[in-house]
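The structure file start_3.pdb is reproduced below (PDB, C-alpha atoms and all ligand atoms).
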```
MODEL        1
ATOM      1  CA  MET V   1      52.257-172.331  79.070
ATOM      2  CA  ILE V   2      54.285-169.132  79.239
ATOM      3  CA  ARG V   3      52.435-165.915  78.551
ATOM      4  CA  PHE V   4      54.208-162.614  78.023
ATOM      5  CA  HIS V   5      51.748-159.758  78.103
ATOM      6  CA  ALA V   6      52.959-156.381  76.768
ATOM      7  CA  LEU V   7      56.314-156.979  78.453
ATOM      8  CA  SER V   8      58.830-154.139  78.456
ATOM      9  CA  LYS V   9      62.167-153.751  80.167
ATOM     10  CA  VAL V  10      64.040-150.477  80.296
ATOM     11  CA  TRP V  11      67.365-150.629  82.150
ATOM     12  CA  PRO V  12      68.244-147.742  84.499
ATOM     13  CA  ASP V  13      70.617-146.318  81.855
ATOM     14  CA  GLY V  14      67.619-145.962  79.501
ATOM     15  CA  THR V  15      68.356-149.014  77.321
ATOM     16  CA  GLN V  16      65.101-150.520  76.126
ATOM     17  CA  ALA V  17      65.989-154.230  76.137
ATOM     18  CA  VAL V  18      62.444-155.563  75.592
ATOM     19  CA  ALA V  19      59.707-153.475  74.006
ATOM     20  CA  ASN V  20      56.057-154.436  74.361
ATOM     21  CA  VAL V  21      56.409-158.172  73.737
ATOM     22  CA  SER V  22      53.269-160.299  73.841
ATOM     23  CA  LEU V  23      53.669-164.023  73.226
ATOM     24  CA  GLU V  24      51.973-167.245  74.244
ATOM     25  CA  ILE V  25      54.142-170.339  74.312
ATOM     26  CA  PRO V  26      52.005-173.443  74.758
ATOM     27  CA  ARG V  27      52.927-176.265  77.115
ATOM     28  CA  GLY V  28      55.422-178.668  75.567
ATOM     29  CA  GLN V  29      56.583-176.334  72.807
ATOM     30  CA  PHE V  30      60.303-175.966  71.980
ATOM     31  CA  CYS V  31      60.466-172.268  71.161
ATOM     32  CA  VAL V  32      63.761-170.867  69.866
ATOM     33  CA  VAL V  33      64.544-167.169  70.252
ATOM     34  CA  LEU V  34      66.899-165.774  67.629
ATOM     35  CA  GLY V  35      68.228-162.311  66.964
ATOM     36  CA  PRO V  36      71.358-160.205  66.812
ATOM     37  CA  SER V  37      73.460-159.545  69.877
ATOM     38  CA  GLY V  38      71.681-157.081  72.160
ATOM     39  CA  ALA V  39      68.240-157.896  70.710
ATOM     40  CA  GLY V  40      66.863-158.681  74.181
ATOM     41  CA  LYS V  41      66.829-162.501  74.128
ATOM     42  CA  SER V  42      68.492-163.018  77.522
ATOM     43  CA  THR V  43      66.410-160.252  79.090
ATOM     44  CA  LEU V  44      63.215-161.929  77.840
ATOM     45  CA  LEU V  45      64.281-165.347  79.169
ATOM     46  CA  ARG V  46      65.351-163.979  82.528
ATOM     47  CA  ALA V  47      61.989-162.272  82.991
ATOM     48  CA  VAL V  48      60.463-165.774  83.178
ATOM     49  CA  ASN V  49      62.318-166.761  86.349
ATOM     50  CA  GLY V  50      62.207-163.355  87.982
ATOM     51  CA  LEU V  51      65.883-162.519  87.445
ATOM     52  CA  VAL V  52      64.708-159.531  85.415
ATOM     53  CA  LYS V  53      61.878-157.392  86.779
ATOM     54  CA  PRO V  54      59.679-155.982  84.001
ATOM     55  CA  THR V  55      59.292-152.233  83.686
ATOM     56  CA  GLN V  56      55.829-152.818  82.260
ATOM     57  CA  GLY V  57      53.655-155.792  81.403
ATOM     58  CA  SER V  58      53.674-159.256  82.929
ATOM     59  CA  VAL V  59      54.753-162.865  82.607
ATOM     60  CA  ALA V  60      52.512-165.763  83.639
ATOM     61  CA  ILE V  61      53.235-169.478  83.830
ATOM     62  CA  ASN V  62      50.203-171.731  83.487
ATOM     63  CA  GLY V  63      47.982-168.789  84.348
ATOM     64  CA  VAL V  64      49.911-167.734  87.467
ATOM     65  CA  ALA V  65      51.422-164.269  87.074
ATOM     66  CA  LEU V  66      54.971-163.792  88.285
ATOM     67  CA  SER V  67      54.930-161.517  91.325
ATOM     68  CA  PRO V  68      56.950-161.194  94.526
ATOM     69  CA  ALA V  69      54.326-163.427  96.185
ATOM     70  CA  SER V  70      54.322-166.173  93.519
ATOM     71  CA  GLU V  71      58.000-166.023  92.537
ATOM     72  CA  ARG V  72      59.324-168.515  95.075
ATOM     73  CA  ALA V  73      56.753-171.156  94.203
ATOM     74  CA  LEU V  74      57.179-170.594  90.469
ATOM     75  CA  ARG V  75      60.943-170.806  90.662
ATOM     76  CA  ARG V  76      60.857-174.505  91.491
ATOM     77  CA  ARG V  77      58.835-175.070  88.312
ATOM     78  CA  VAL V  78      61.240-173.120  86.086
ATOM     79  CA  ALA V  79      64.799-174.353  85.468
ATOM     80  CA  MET V  80      67.621-172.647  83.621
ATOM     81  CA  ILE V  81      70.465-173.958  81.485
ATOM     82  CA  HIS V  82      73.286-171.459  81.040
ATOM     83  CA  GLN V  83      75.762-170.621  78.287
ATOM     84  CA  HIS V  84      78.747-170.985  80.648
ATOM     85  CA  PHE V  85      77.204-173.969  82.460
ATOM     86  CA  ASN V  86      77.267-172.145  85.858
ATOM     87  CA  LEU V  87      78.521-175.203  87.736
ATOM     88  CA  THR V  88      80.437-175.037  90.992
ATOM     89  CA  ASN V  89      83.765-176.190  89.572
ATOM     90  CA  ARG V  90      85.298-177.492  92.774
ATOM     91  CA  MET V  91      82.204-179.502  93.652
ATOM     92  CA  SER V  92      81.540-183.038  92.361
ATOM     93  CA  VAL V  93      79.229-183.798  89.464
ATOM     94  CA  ALA V  94      76.777-185.391  91.933
ATOM     95  CA  GLY V  95      76.843-182.266  94.132
ATOM     96  CA  ASN V  96      76.153-180.034  91.143
ATOM     97  CA  VAL V  97      73.215-182.142  89.966
ATOM     98  CA  LEU V  98      71.778-182.263  93.495
ATOM     99  CA  ALA V  99      72.057-178.461  93.599
ATOM    100  CA  GLY V 100      69.037-178.518  91.279
ATOM    101  CA  LEU V 101      67.060-179.209  94.466
ATOM    102  CA  LEU V 102      67.999-175.878  96.060
ATOM    103  CA  PRO V 103      64.553-174.345  95.544
ATOM    104  CA  VAL V 104      63.100-177.086  97.792
ATOM    105  CA  VAL V 105      65.967-178.176 100.081
ATOM    106  CA  PRO V 106      67.309-175.856 102.811
ATOM    107  CA  MET V 107      70.748-174.470 101.951
ATOM    108  CA  THR V 108      72.324-175.800 105.183
ATOM    109  CA  ARG V 109      71.254-179.355 104.353
ATOM    110  CA  ALA V 110      72.572-178.976 100.816
ATOM    111  CA  LEU V 111      75.923-177.649 102.058
ATOM    112  CA  LEU V 112      76.242-180.617 104.411
ATOM    113  CA  GLY V 113      75.328-182.969 101.577
ATOM    114  CA  TRP V 114      72.208-184.241 103.358
ATOM    115  CA  PHE V 115      70.044-185.476 100.528
ATOM    116  CA  SER V 116      67.487-188.273 100.671
ATOM    117  CA  PRO V 117      68.262-191.646  99.041
ATOM    118  CA  GLU V 118      65.444-190.910  96.545
ATOM    119  CA  HIS V 119      67.073-187.649  95.512
ATOM    120  CA  ARG V 120      70.478-189.320  95.202
ATOM    121  CA  ALA V 121      68.962-192.084  93.064
ATOM    122  CA  LYS V 122      67.296-189.479  90.857
ATOM    123  CA  ALA V 123      70.580-187.590  90.400
ATOM    124  CA  CYS V 124      72.316-190.854  89.371
ATOM    125  CA  GLU V 125      69.572-191.641  86.883
ATOM    126  CA  LEU V 126      69.707-188.168  85.341
ATOM    127  CA  VAL V 127      73.501-188.363  85.037
ATOM    128  CA  LYS V 128      73.072-191.642  83.161
ATOM    129  CA  ASN V 129      70.306-190.191  80.981
ATOM    130  CA  VAL V 130      72.500-187.311  79.819
ATOM    131  CA  GLY V 131      75.160-189.756  78.687
ATOM    132  CA  LEU V 132      77.668-189.560  81.541
ATOM    133  CA  GLN V 133      79.078-192.599  83.348
ATOM    134  CA  PRO V 134      78.537-193.469  87.034
ATOM    135  CA  THR V 135      82.291-192.883  87.434
ATOM    136  CA  HIS V 136      81.692-189.226  86.587
ATOM    137  CA  LEU V 137      79.550-188.708  89.689
ATOM    138  CA  GLN V 138      82.470-188.078  92.034
ATOM    139  CA  ARG V 139      84.608-186.198  89.488
ATOM    140  CA  ARG V 140      85.233-182.502  90.049
ATOM    141  CA  ALA V 141      82.843-180.639  87.717
ATOM    142  CA  GLY V 142      85.544-178.165  86.661
ATOM    143  CA  ASP V 143      87.675-181.008  85.274
ATOM    144  CA  LEU V 144      85.073-182.062  82.706
ATOM    145  CA  SER V 145      85.008-180.943  79.059
ATOM    146  CA  GLY V 146      82.555-178.217  78.051
ATOM    147  CA  GLY V 147      80.148-180.734  76.528
ATOM    148  CA  GLN V 148      80.255-182.881  79.654
ATOM    149  CA  GLN V 149      79.726-179.825  81.865
ATOM    150  CA  GLN V 150      76.626-178.891  79.910
ATOM    151  CA  ARG V 151      75.332-182.460  80.358
ATOM    152  CA  VAL V 152      75.673-181.866  84.108
ATOM    153  CA  GLY V 153      73.834-178.544  83.657
ATOM    154  CA  ILE V 154      70.966-180.386  81.939
ATOM    155  CA  ALA V 155      70.795-183.072  84.645
ATOM    156  CA  ARG V 156      70.678-180.329  87.296
ATOM    157  CA  ALA V 157      67.919-178.475  85.419
ATOM    158  CA  PHE V 158      65.692-181.565  85.340
ATOM    159  CA  MET V 159      66.142-182.533  89.022
ATOM    160  CA  LEU V 160      62.773-180.977  89.946
ATOM    161  CA  ASP V 161      60.915-182.027  86.768
ATOM    162  CA  PRO V 162      60.389-178.412  85.677
ATOM    163  CA  GLU V 163      57.395-177.269  83.662
ATOM    164  CA  VAL V 164      59.498-174.603  81.946
ATOM    165  CA  VAL V 165      63.138-174.812  80.872
ATOM    166  CA  LEU V 166      64.992-171.636  79.965
ATOM    167  CA  ALA V 167      68.140-172.282  77.938
ATOM    168  CA  ASP V 168      70.200-169.172  77.203
ATOM    169  CA  GLU V 169      72.613-170.015  74.379
ATOM    170  CA  PRO V 170      73.210-173.477  75.853
ATOM    171  CA  VAL V 171      75.586-174.502  73.040
ATOM    172  CA  ALA V 172      77.414-171.224  72.402
ATOM    173  CA  SER V 173      80.845-172.606  73.292
ATOM    174  CA  LEU V 174      80.461-176.156  71.971
ATOM    175  CA  ASP V 175      81.445-177.784  68.676
ATOM    176  CA  PRO V 176      78.696-178.521  66.097
ATOM    177  CA  LYS V 177      78.394-182.252  66.847
ATOM    178  CA  ILE V 178      78.228-181.764  70.633
ATOM    179  CA  SER V 179      75.820-178.844  70.138
ATOM    180  CA  ARG V 180      73.340-181.126  68.365
ATOM    181  CA  ASP V 181      73.733-183.802  71.044
ATOM    182  CA  ILE V 182      73.093-181.249  73.792
ATOM    183  CA  LEU V 183      70.006-179.804  72.104
ATOM    184  CA  MET V 184      68.717-183.313  71.499
ATOM    185  CA  LEU V 185      69.112-184.094  75.207
ATOM    186  CA  ILE V 186      67.240-180.940  76.181
ATOM    187  CA  ARG V 187      64.470-181.653  73.664
ATOM    188  CA  ASN V 188      64.058-185.291  74.689
ATOM    189  CA  ALA V 189      64.113-184.571  78.430
ATOM    190  CA  ALA V 190      61.536-181.814  77.911
ATOM    191  CA  ARG V 191      59.316-184.038  75.735
ATOM    192  CA  ASP V 192      59.330-186.804  78.336
ATOM    193  CA  ARG V 193      57.861-184.357  80.863
ATOM    194  CA  ASN V 194      55.836-182.191  78.460
ATOM    195  CA  ALA V 195      57.958-179.239  79.595
ATOM    196  CA  THR V 196      58.011-175.980  77.668
ATOM    197  CA  VAL V 197      61.429-174.857  76.400
ATOM    198  CA  LEU V 198      62.418-171.280  75.668
ATOM    199  CA  CYS V 199      65.889-171.440  74.131
ATOM    200  CA  SER V 200      68.005-168.629  72.724
ATOM    201  CA  LEU V 201      70.470-169.558  69.996
ATOM    202  CA  HIS V 202      72.780-167.955  67.451
ATOM    203  CA  GLN V 203      72.857-170.982  65.116
ATOM    204  CA  ILE V 204      70.176-170.744  62.413
ATOM    205  CA  ASP V 205      70.549-174.385  61.345
ATOM    206  CA  LEU V 206      70.043-175.649  64.895
ATOM    207  CA  ALA V 207      67.091-173.301  65.404
ATOM    208  CA  ARG V 208      65.443-174.727  62.277
ATOM    209  CA  GLU V 209      66.187-178.304  63.295
ATOM    210  CA  PHE V 210      65.090-178.163  66.922
ATOM    211  CA  GLY V 211      62.529-175.369  67.139
ATOM    212  CA  ASP V 212      58.830-176.148  66.911
ATOM    213  CA  ARG V 213      58.635-172.393  66.610
ATOM    214  CA  ILE V 214      61.094-169.568  65.987
ATOM    215  CA  VAL V 215      60.706-166.108  67.498
ATOM    216  CA  GLY V 216      62.992-163.482  65.992
ATOM    217  CA  MET V 217      63.857-160.440  68.100
ATOM    218  CA  ARG V 218      65.458-157.205  67.037
ATOM    219  CA  ASP V 219      65.870-154.082  69.192
ATOM    220  CA  GLY V 220      63.675-155.612  71.890
ATOM    221  CA  ARG V 221      60.750-156.304  69.560
ATOM    222  CA  VAL V 222      59.427-159.527  68.050
ATOM    223  CA  VAL V 223      59.901-159.145  64.294
ATOM    224  CA  PHE V 224      59.359-162.785  63.306
ATOM    225  CA  ASP V 225      57.153-165.473  64.818
ATOM    226  CA  GLY V 226      56.610-168.645  62.850
ATOM    227  CA  THR V 227      57.619-172.188  62.038
ATOM    228  CA  PRO V 228      61.126-173.190  60.904
ATOM    229  CA  ALA V 229      59.703-173.683  57.375
ATOM    230  CA  GLU V 230      58.488-170.074  57.347
ATOM    231  CA  PHE V 231      61.890-168.839  58.500
ATOM    232  CA  THR V 232      63.322-168.510  55.006
ATOM    233  CA  ASP V 233      66.833-167.258  54.159
ATOM    234  CA  GLU V 234      65.262-163.927  53.245
ATOM    235  CA  ARG V 235      63.778-163.652  56.734
ATOM    236  CA  VAL V 236      67.096-164.594  58.277
ATOM    237  CA  ARG V 237      68.698-161.678  56.438
ATOM    238  CA  ALA V 238      65.909-159.356  57.549
ATOM    239  CA  LEU V 239      66.310-160.408  61.163
ATOM    240  CA  TYR V 240      70.049-159.900  61.281
ATOM    241  CA  HIS V 241      70.492-157.054  58.814
ATOM    242  CA  GLY V 242      67.066-155.392  58.780
ATOM    243  CA  ALA V 243      64.734-155.062  55.806
ATOM    244  CA  GLN V 244      61.904-152.813  54.850
ATOM    245  CA  TRP V 245      59.321-155.589  55.247
ATOM    246  CA  GLU V 246      60.440-156.814  58.651
ATOM    247  CA  ASP V 247      57.392-155.339  60.367
ATOM    248  CA  LYS V 248      54.915-157.053  58.074
ATOM    249  CA  PRO V 249      52.956-159.903  59.617
ATOM    250  CA  ALA V 250      54.576-163.281  58.969
ATOM    251  CA  HIS V 251      51.706-164.527  56.771
ATOM    252  CA  GLU V 252      52.003-161.508  54.449
ATOM    253  CA  SER V 253      55.689-162.104  53.820
ATOM    254  CA  ALA V 254      55.036-165.825  53.480
ATOM    255  CA  LEU V 255      52.504-165.059  50.764
ATOM    256  CA  GLN V 256      55.037-162.916  48.903
ATOM    257  CA  SER V 257      57.845-165.430  49.017
ATOM    258  CA  HIS V 258      55.410-168.180  48.037
ATOM    259  CA  THR V 259      54.294-166.169  44.990
ATOM    260  CA  HIS V 260      57.917-165.609  43.958
ATOM    261  CA  THR V 261      58.789-169.283  44.063
ATOM    262  CA  GLN V 262      55.529-170.556  42.535
ATOM    263  CA  PRO V 263      56.350-172.235  39.191
ATOM    264  CA  ALA V 264      54.535-170.840  36.167
ATOM    265  CA  MET V 265      51.340-172.765  35.368
ATOM    266  CA  ASP V 266      51.697-175.415  32.675
ATOM    267  CA  PRO V 267      49.903-173.959  29.548
ATOM    268  CA  ILE V 268      48.459-177.373  28.694
ATOM    269  CA  LEU V 269      46.696-177.517  32.069
ATOM    270  CA  ALA V 270      45.693-173.852  32.039
TER     271      ALA V 270
HETATM  272  N1  LIG L 301      71.912-155.429  83.625
HETATM  273  C1  LIG L 301      71.865-154.612  82.578
HETATM  274  N2  LIG L 301      72.004-153.277  82.724
HETATM  275  C2  LIG L 301      71.943-152.445  81.670
HETATM  276  N3  LIG L 301      71.726-152.857  80.392
HETATM  277  C3  LIG L 301      71.579-154.168  80.187
HETATM  278  C4  LIG L 301      71.646-155.126  81.250
HETATM  279  N4  LIG L 301      71.462-156.362  80.740
HETATM  280  C5  LIG L 301      71.299-156.191  79.409
HETATM  281  N5  LIG L 301      71.376-154.884  79.083
HETATM  282  C6  LIG L 301      71.206-154.314  77.738
HETATM  283  O1  LIG L 301      69.942-154.731  77.239
HETATM  284  C7  LIG L 301      70.019-155.003  75.836
HETATM  285  C8  LIG L 301      69.575-156.428  75.587
HETATM  286  O2  LIG L 301      70.528-157.303  76.178
HETATM  287  P1  LIG L 301      70.366-158.886  76.168
HETATM  288  O3  LIG L 301      71.472-159.425  76.988
HETATM  289  O4  LIG L 301      68.985-159.234  76.548
HETATM  290  O5  LIG L 301      70.596-159.214  74.622
HETATM  291  P2  LIG L 301      70.787-160.616  73.892
HETATM  292  O6  LIG L 301      69.828-160.652  72.748
HETATM  293  O7  LIG L 301      70.706-161.694  74.890
HETATM  294  O8  LIG L 301      72.280-160.498  73.305
HETATM  295  P3  LIG L 301      73.404-161.638  73.086
HETATM  296  O9  LIG L 301      73.029-162.354  71.818
HETATM  297  O10 LIG L 301      74.671-160.862  72.934
HETATM  298  O11 LIG L 301      73.411-162.524  74.292
HETATM  299  C9  LIG L 301      71.457-154.737  75.425
HETATM  300  O12 LIG L 301      71.536-153.428  74.916
HETATM  301  C10 LIG L 301      72.221-154.837  76.741
HETATM  302  O13 LIG L 301      73.393-154.050  76.727
HETATM  303 MG    MG L 302      72.058-163.117  75.597
ENDMDL
END
```
The structure given in the file should be rewritten as C-alpha cells.
Ligand SMILES: Nc1ncnc2c1ncn2[C@@H]1O[C@H](COP(=O)(O)OP(=O)(O)OP(=O)(O)O)[C@@H](O)[C@H]1O
Ligand SMILES: [Mg+2]
Amino acid sequence: MIRFHALSKVWPDGTQAVANVSLEIPRGQFCVVLGPSGAGKSTLLRAVNGLVKPTQGSVAINGVALSPASERALRRRVAMIHQHFNLTNRMSVAGNVLAGLLPVVPMTRALLGWFSPEHRAKACELVKNVGLQPTHLQRRAGDLSGGQQQRVGIARAFMLDPEVVLADEPVASLDPKISRDILMLIRNAARDRNATVLCSLHQIDLAREFGDRIVGMRDGRVVFDGTPAEFTDERVRALYHGAQWEDKPAHESALQSHTHTQPAMDPILA
C-alpha cells in the first residue's frame, strides 16, 4: 500500500507542484493519475521513490515512511518505468534488464557483468514474458523500436519483483496499439505479483480501460478520485478545463449526473 499523508512540494522557485495530497492506494491496485500538464503528476510519483523530497507531509509504503534511513531499503521494493525508457542505449538488452538489480548488486560487479546464473535466467525469462525474442538479448538497446525499448524497461522494472511500480507516462511516445500492449504487460506483470501500480497518463481511454481507480490532479491538488465509471465526460472536461463543481466530493457530482440521466418514471408503474 502507498500512503500519501498531507504531501506538499514547493520548488525553490516557489512553484507549488503538489498541494496537501492525502491518498491511500491499496496493495495490488492499478491507480492512474490524470491531469493537465504541470498538474503535479510526475512530482507525486517521484516522491514515492525519494527522487522528490516533500516540503511537507509524508509518503509510506506498507506502513514504512520514506526517510533518509529507510530510503535505500525501500528503493529495491519500488521500480520505475519511464516515458523515454531511460535505457543505456549502447548496452545490450540483457545488460539493461540486469541493471534492474542495481539496488542490490554492487556497481563494480554490474559494470563487469558479474551476475549470478539465477539472475541471468530471470532476465531471460522476463525478456520472453514481455514479448521479445531470445535473439534480442544481445542486441544494442538503442537499436530497438520505441515499443521494444519500453518492453525492456518493463523487464528491468520487474527484475526485483517490486511491491510498487511507478510508471510516468509509459506510453507517451507510442502508437495506440503498442500503448495498449505495453499497459497490458504492466498490468499483468503487476497482477502476477500483487504489485501496486501508480501510472500517470494523458490518454483518457487508456486510463478508463486499465485503471482500477483514477485520480485527477489539477494545480497540485486531487480534484477527482473515483472509478473509471465515475469518470464521466463531464468530469474529464472539469479536470482539463476547470468547472465550478470540481471541488465537490465525487459522490455529490455522481448523484447530480445520475439524476440528469435518470429516465422519467413510467406513469403506468408510478
Ligand atoms: N525540478 C523542478 N524545479 C522547479 N519546478 C519544477 C521542477 N519539477 C517540476 N516543476 C514544476 O512543478 C509543477 C508540476 O510539474 P510536474 O512535472 O509534476 O507536472 P506533470 O503533471 O507531471 O506535467 P506533465 O503532464 O507535463 O508531465 C510544474 O509547474 C513544473 O514546472
Ligand atoms: Mg509529468
* Go through the chains and note each residue within 8 Å of ligand MG 302 (chain L), using all atoms listed in the file, then give the set as a ChimeraX atom specification. => /V:37-38,40-43,168-169,200
* When the cut-off is 9 Å and you count all atoms listed in the file, which residues lie near ligand LIG 301 (chain L), shown as a PyMOL selection string? -> chain V and resi 9-18+33-46+52+168-169+200-202+217-220
* Leu166 in chain V: which residues within 8 Å, counting only C-alpha atoms, same-chain residues fewer than 6 positions away excluded, as a list of chain:residue names? -> V:Leu45, V:Val78, V:Ala79, V:Met80, V:Ile81, V:Val197, V:Leu198, V:Cys199
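Evaluated on this file, the PyMOL selection byres (((chain V and resi 96) around 9) and not hetatm) matches Leu87, Thr88, Asn89, Met91, Ser92, Val93, Ala94, Gly95, Val97, Leu98, Ala99, Gly100, Ala141, Val152, Gly153, Ala155 and Arg156 of chain V.
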Just write the chosen residues, C-alpha atoms, as a PDB file, in the frame of the given file.
```
ATOM      1  CA  LEU V  87      78.521-175.203  87.736  1.00  0.00           C
ATOM      2  CA  THR V  88      80.437-175.037  90.992  1.00  0.00           C
ATOM      3  CA  ASN V  89      83.765-176.190  89.572  1.00  0.00           C
ATOM      4  CA  MET V  91      82.204-179.502  93.652  1.00  0.00           C
ATOM      5  CA  SER V  92      81.540-183.038  92.361  1.00  0.00           C
ATOM      6  CA  VAL V  93      79.229-183.798  89.464  1.00  0.00           C
ATOM      7  CA  ALA V  94      76.777-185.391  91.933  1.00  0.00           C
ATOM      8  CA  GLY V  95      76.843-182.266  94.132  1.00  0.00           C
ATOM      9  CA  VAL V  97      73.215-182.142  89.966  1.00  0.00           C
ATOM     10  CA  LEU V  98      71.778-182.263  93.495  1.00  0.00           C
ATOM     11  CA  ALA V  99      72.057-178.461  93.599  1.00  0.00           C
ATOM     12  CA  GLY V 100      69.037-178.518  91.279  1.00  0.00           C
ATOM     13  CA  ALA V 141      82.843-180.639  87.717  1.00  0.00           C
ATOM     14  CA  VAL V 152      75.673-181.866  84.108  1.00  0.00           C
ATOM     15  CA  GLY V 153      73.834-178.544  83.657  1.00  0.00           C
ATOM     16  CA  ALA V 155      70.795-183.072  84.645  1.00  0.00           C
ATOM     17  CA  ARG V 156      70.678-180.329  87.296  1.00  0.00           C
TER      18      ARG V 156
END
```
* One-decimal distance in Å that lies between CA of Arg76 in chain V and CA of Ile178 in chain V ->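 So the two atoms, CA of Ile178 in chain V and CA of Arg76 in chain V, lie 28.1 Å apart.
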* CA of Ala73 in chain V and CA of Arg27 in chain V are how many Å apart? -> 18.2 Å
* **Selection as JSON, numbers by chain: residues within 9 Å of (66.6, -179.4, 73.9), counting all atoms listed in the file** => {"V": [30, 167, 180, 181, 182, 183, 184, 185, 186, 187, 188, 189, 190, 191, 197, 199, 210, 211]}
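Interatomic distance, CA of Leu7 in chain V against CA of Val236 in chain V: 24.1 Å.
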